[in-house]
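Presented below is the structure to which this report refers.
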Amino acid sequence: MKSLESIDQAAEWMKNARHAVAFTGAGISVESGIPPFRGEGGLWARYDPQCLDIDTFLEHPLETWPLIKEIFYDFFGQAKPNPAHIILAGMESAGYLKQVITQNIDHLHQDAGGKKVIEFHGTSRYLICTKCGKRELAAPSLLEILPPRCQVCQSILKPDFVFFGEGIPELAYQASFAETRNADIWLVIGTTGEVQPASYLPGDAKRHGARIIEINVEPSFFTHSVTDIFLCGKASEMMLGLGRALGIHPPQLDAFDSPAVHR
Ligand code: NAD
Ligand code: ZN
């Protein structure tokens with residue numbers, strides 16, 4: 001269902017929404033050059049996910065930190081928002097979107113100008129002390145000598161995102177499920193629905209009366225269970241279509257020529 005009519009219908013729903021929420025996953029950042037974890041070409045085909053297990057990390061920071069630095073700082077650190085992030089931020093400032101909830105840890109929604117962003121799995125942008133909890137910006141200087149250490153208590157610093165074996169940050173969890181009770185439109189972009197408890201959010205929103213619009217290059221766990229309109233295609237292309245239908249064209253889009261957009 002990649003028809004113009006469904007983009008127009010989705011735009012119409014967004015226009016008339018009282019409280020639209022976007023829920024994003026790794027797929028929205030693929031066109032920024034960050035692969036998803038799973039599947040062909042995914043990060044776990046190249047790296048051992050064990051480095052993100054909290055017990056392994058705490059026991060072996062010297063061994064796990066170089067891998068973490070390579071994936072999340074040398075590599076992720078170079079990524080820039082793509083048109084999908086930029087149009088979402090434009091929808092927020094135009095008043096069409098009240099909240100973004102992202103499973104991503106790459107900070108690209110905020111880099112695109114998004115203000116109302118809940119980071120369900122935390123962020124790679126900050127490091128947090130494993131002992132005293134002090135949080136600091138992940139500046140390159142902090143990562144010159146590994147493992148990085150807290151300037152206050154000298155304990156090991158960890159990226160401030162959720163490792164395997166850790167719980168979801170309480171505030172993000174509560175705020176996200178509160179949104180499912182308030183939303184009348186829930187826009188799902190680029191997520192398989194395989195990661196719990198994040199994957200419960202669209203179903204919960206649907207049970208509370210929201211209509212679900214989904215963008216993905218292929219059907220996900222949500223497509224045949226809760227989705228009302230499935231926009232099949234790349235996040236940037238579908239969001240450019242939605243943006244056009246809503247008359248949204250943030251100035252940052254001018255930096256993208258068509259080949260980059262349709263990469
Ligand atoms: P995921 O659930 O986030 O799935 C990725 C989805 O993106 C798939 O359904 C795939 O079909 C879709 N997709 C791929 N290219 C797309 C495109 N151009 N446009 C639209 N959709 C596209 O799965 P995951 O990668 O296993 O992630 C697991 C967890 O790790 C999630 O919480 C995820 O957010 C996080 N993660 C974050 C990043 C990041 O911060 N950028 C990167 C990898 C994983
Ligand atoms: Zn400390």
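Identifiers in the structure tokens: chain A, B, ... in order shown; residue index from 1 per chain; ligand index from 1 in order shown.
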Set the distance at 8 Å and use only C-alpha atoms: which residues neighbour segment 89-101 of chain A once local chain neighbours fewer than 2 positions away are removed? I'd like the list as a PyMOL selection string. chain A and resi 14-15+17+19-24+85-87+103+109+112-120+176+243+248-250
Please return as a count of residues only the residues found within 7 Å of ligand 2, counting only C-alpha atoms and all ligand atoms. 12
May I have the residues within 6 Å of segment 201-218 of chain A as number ranges by chain, using only C-alpha atoms and disregarding those fewer than 2 positions away in the same chain? A: 180-181, 183-190, 198-199, 227-234
Based on the selection just made, write C-alpha atoms of those residues as a PDB file, in the first residue's frame.
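Listed below is the output, out-v4.pdb:
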ATOM      1  CA  THR A 180      -0.491   5.896  24.892  1.00  0.00           C
ATOM      2  CA  ARG A 181      -3.499   6.969  26.977  1.00  0.00           C
ATOM      3  CA  ALA A 183      -2.730   9.926  21.795  1.00  0.00           C
ATOM      4  CA  ASP A 184      -5.302   9.814  19.034  1.00  0.00           C
ATOM      5  CA  ILE A 185      -2.690   9.208  16.301  1.00  0.00           C
ATOM      6  CA  TRP A 186       0.361   6.979  16.765  1.00  0.00           C
ATOM      7  CA  LEU A 187       2.923   7.190  13.937  1.00  0.00           C
ATOM      8  CA  VAL A 188       5.291   4.180  14.012  1.00  0.00           C
ATOM      9  CA  ILE A 189       8.486   4.573  11.960  1.00  0.00           C
ATOM     10  CA  GLY A 190      11.126   1.924  11.268  1.00  0.00           C
ATOM     11  CA  ALA A 198       8.906  -0.735  23.829  1.00  0.00           C
ATOM     12  CA  SER A 199       6.927  -2.942  21.447  1.00  0.00           C
ATOM     13  CA  THR A 227      -1.622  -0.762  11.897  1.00  0.00           C
ATOM     14  CA  ASP A 228      -4.446   1.136  10.181  1.00  0.00           C
ATOM     15  CA  ILE A 229      -2.421   2.719   7.367  1.00  0.00           C
ATOM     16  CA  PHE A 230       0.806   1.059   6.250  1.00  0.00           C
ATOM     17  CA  LEU A 231       3.086   3.340   4.219  1.00  0.00           C
ATOM     18  CA  CYS A 232       5.527   0.907   2.668  1.00  0.00           C
ATOM     19  CA  GLY A 233       8.833   2.576   1.828  1.00  0.00           C
ATOM     20  CA  LYS A 234      11.902   4.292   3.195  1.00  0.00           C
TER      21      LYS A 234
END
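For the pair atom CA of Pro169 of chain A and atom CA of Thr123 of chain A, the interatomic distance is 11.0 Å.
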Using only C-alpha atoms, pick whichever of A:Glu179, A:Asp111, A:Asp254, A:Glu170 has the shortest atom-to-atom distance to Leu88 of chain A. A:Asp111
Could you go through segment 8-256 of chain A and tell me which residues DSSP, when run on the backbone, assigns to helix (DSSP H, G or I), listing them as a PyMOL selection string? chain A and resi 8-16+26-32+43-45+49-52+54-59+61-78+83-93+108-111+140-143+170-182+200-207+235-246+251-255
Residues within 7 Å of ligand 1 should be enumerated using only C-alpha atoms and all ligand atoms and returned as number ranges by chain. A: 25-31, 34-38, 42, 102-106, 121, 189-195, 215-218, 220, 233-236
Please tabulate, as JSON lines, the residues of segment 103-198 of chain A that come within 9 Å of segment 63-66 of chain A, each with its closest pair of atoms and the distance in Å to one decimal, counting only C-alpha atoms and ordering rows by chain, then residue number upward.
{"residue": "A:Leu146", "atom": "CA", "partner": "A:Trp65", "partner_atom": "CA", "distance": 6.5}
{"residue": "A:Pro147", "atom": "CA", "partner": "A:Trp65", "partner_atom": "CA", "distance": 5.9}
{"residue": "A:Pro148", "atom": "CA", "partner": "A:Trp65", "partner_atom": "CA", "distance": 8.4}
{"residue": "A:Lys158", "atom": "CA", "partner": "A:Trp65", "partner_atom": "CA", "distance": 8.7}
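The space separating atom CA of Leu157 of chain A from atom CA of Ile145 of chain A comes to 11.7 Å.
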Just give me the gap between atom CA of Ser141 of chain A and atom CA of Arg125 of chain A in Å, one decimal is fine. 13.5 Å
Quick one: everything within 10 Å of Ile168 of chain A, counting only C-alpha atoms, minus sequence neighbours fewer than 2 positions away in the same chain. Send it as JSON, numbers by chain. {"A": [119, 120, 121, 122, 161, 162, 163, 165, 166, 170, 171, 172, 173, 174, 196, 197, 198]}
Report the residues of segment 181-258 of chain A whose backbone DSSP state falls under strand (DSSP E), written as JSON, numbers by chain. {"A": [185, 186, 187, 188, 189, 211, 212, 213, 214, 215, 216, 229, 230, 231, 232]}
Could you dump the residues just selected with N, CA and C atoms as a PDB file, in the first residue's frame?
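That gives us part_13.pdb:
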ATOM      1  N   ILE A 185      -3.436   9.745  17.450  1.00  0.00           N
ATOM      2  CA  ILE A 185      -2.690   9.208  16.301  1.00  0.00           C
ATOM      3  C   ILE A 185      -1.334   8.738  16.809  1.00  0.00           C
ATOM      4  N   TRP A 186      -0.930   7.550  16.340  1.00  0.00           N
ATOM      5  CA  TRP A 186       0.361   6.979  16.765  1.00  0.00           C
ATOM      6  C   TRP A 186       1.106   6.620  15.478  1.00  0.00           C
ATOM      7  N   LEU A 187       2.174   7.365  15.190  1.00  0.00           N
ATOM      8  CA  LEU A 187       2.923   7.190  13.937  1.00  0.00           C
ATOM      9  C   LEU A 187       4.179   6.348  14.230  1.00  0.00           C
ATOM     10  N   VAL A 188       4.177   5.110  13.744  1.00  0.00           N
ATOM     11  CA  VAL A 188       5.291   4.180  14.012  1.00  0.00           C
ATOM     12  C   VAL A 188       6.254   4.220  12.825  1.00  0.00           C
ATOM     13  N   ILE A 189       7.538   4.488  13.082  1.00  0.00           N
ATOM     14  CA  ILE A 189       8.486   4.573  11.960  1.00  0.00           C
ATOM     15  C   ILE A 189       9.701   3.676  12.198  1.00  0.00           C
ATOM     16  N   ARG A 211      -5.387   5.841  16.323  1.00  0.00           N
ATOM     17  CA  ARG A 211      -5.238   5.208  15.007  1.00  0.00           C
ATOM     18  C   ARG A 211      -3.739   5.103  14.721  1.00  0.00           C
ATOM     19  N   ILE A 212      -3.357   3.989  14.095  1.00  0.00           N
ATOM     20  CA  ILE A 212      -1.925   3.707  13.918  1.00  0.00           C
ATOM     21  C   ILE A 212      -1.534   3.866  12.450  1.00  0.00           C
ATOM     22  N   ILE A 213      -0.567   4.758  12.216  1.00  0.00           N
ATOM     23  CA  ILE A 213       0.028   4.904  10.879  1.00  0.00           C
ATOM     24  C   ILE A 213       1.435   4.334  10.994  1.00  0.00           C
ATOM     25  N   GLU A 214       1.799   3.482  10.049  1.00  0.00           N
ATOM     26  CA  GLU A 214       3.133   2.869  10.141  1.00  0.00           C
ATOM     27  C   GLU A 214       3.934   3.081   8.859  1.00  0.00           C
ATOM     28  N   ILE A 215       5.217   3.421   9.032  1.00  0.00           N
ATOM     29  CA  ILE A 215       6.154   3.523   7.905  1.00  0.00           C
ATOM     30  C   ILE A 215       7.252   2.488   8.108  1.00  0.00           C
ATOM     31  N   ASN A 216       7.453   1.645   7.104  1.00  0.00           N
ATOM     32  CA  ASN A 216       8.541   0.660   7.168  1.00  0.00           C
ATOM     33  C   ASN A 216       8.806   0.161   5.746  1.00  0.00           C
ATOM     34  N   ILE A 229      -2.953   2.355   8.691  1.00  0.00           N
ATOM     35  CA  ILE A 229      -2.421   2.719   7.367  1.00  0.00           C
ATOM     36  C   ILE A 229      -0.954   2.328   7.334  1.00  0.00           C
ATOM     37  N   PHE A 230      -0.591   1.465   6.381  1.00  0.00           N
ATOM     38  CA  PHE A 230       0.806   1.059   6.250  1.00  0.00           C
ATOM     39  C   PHE A 230       1.417   1.778   5.052  1.00  0.00           C
ATOM     40  N   LEU A 231       2.389   2.649   5.303  1.00  0.00           N
ATOM     41  CA  LEU A 231       3.086   3.340   4.219  1.00  0.00           C
ATOM     42  C   LEU A 231       4.383   2.587   3.976  1.00  0.00           C
ATOM     43  N   CYS A 232       4.395   1.795   2.909  1.00  0.00           N
ATOM     44  CA  CYS A 232       5.527   0.907   2.668  1.00  0.00           C
ATOM     45  C   CYS A 232       6.599   1.638   1.872  1.00  0.00           C
TER      46      CYS A 232
END
Spatial neighbours of segment 5-7 of chain A, max dist 8 Å, only C-alpha atoms, sep filter under 3 positions, as a ChimeraX atom specification: /A:1-2,10-11,229-231,238,241-242,245
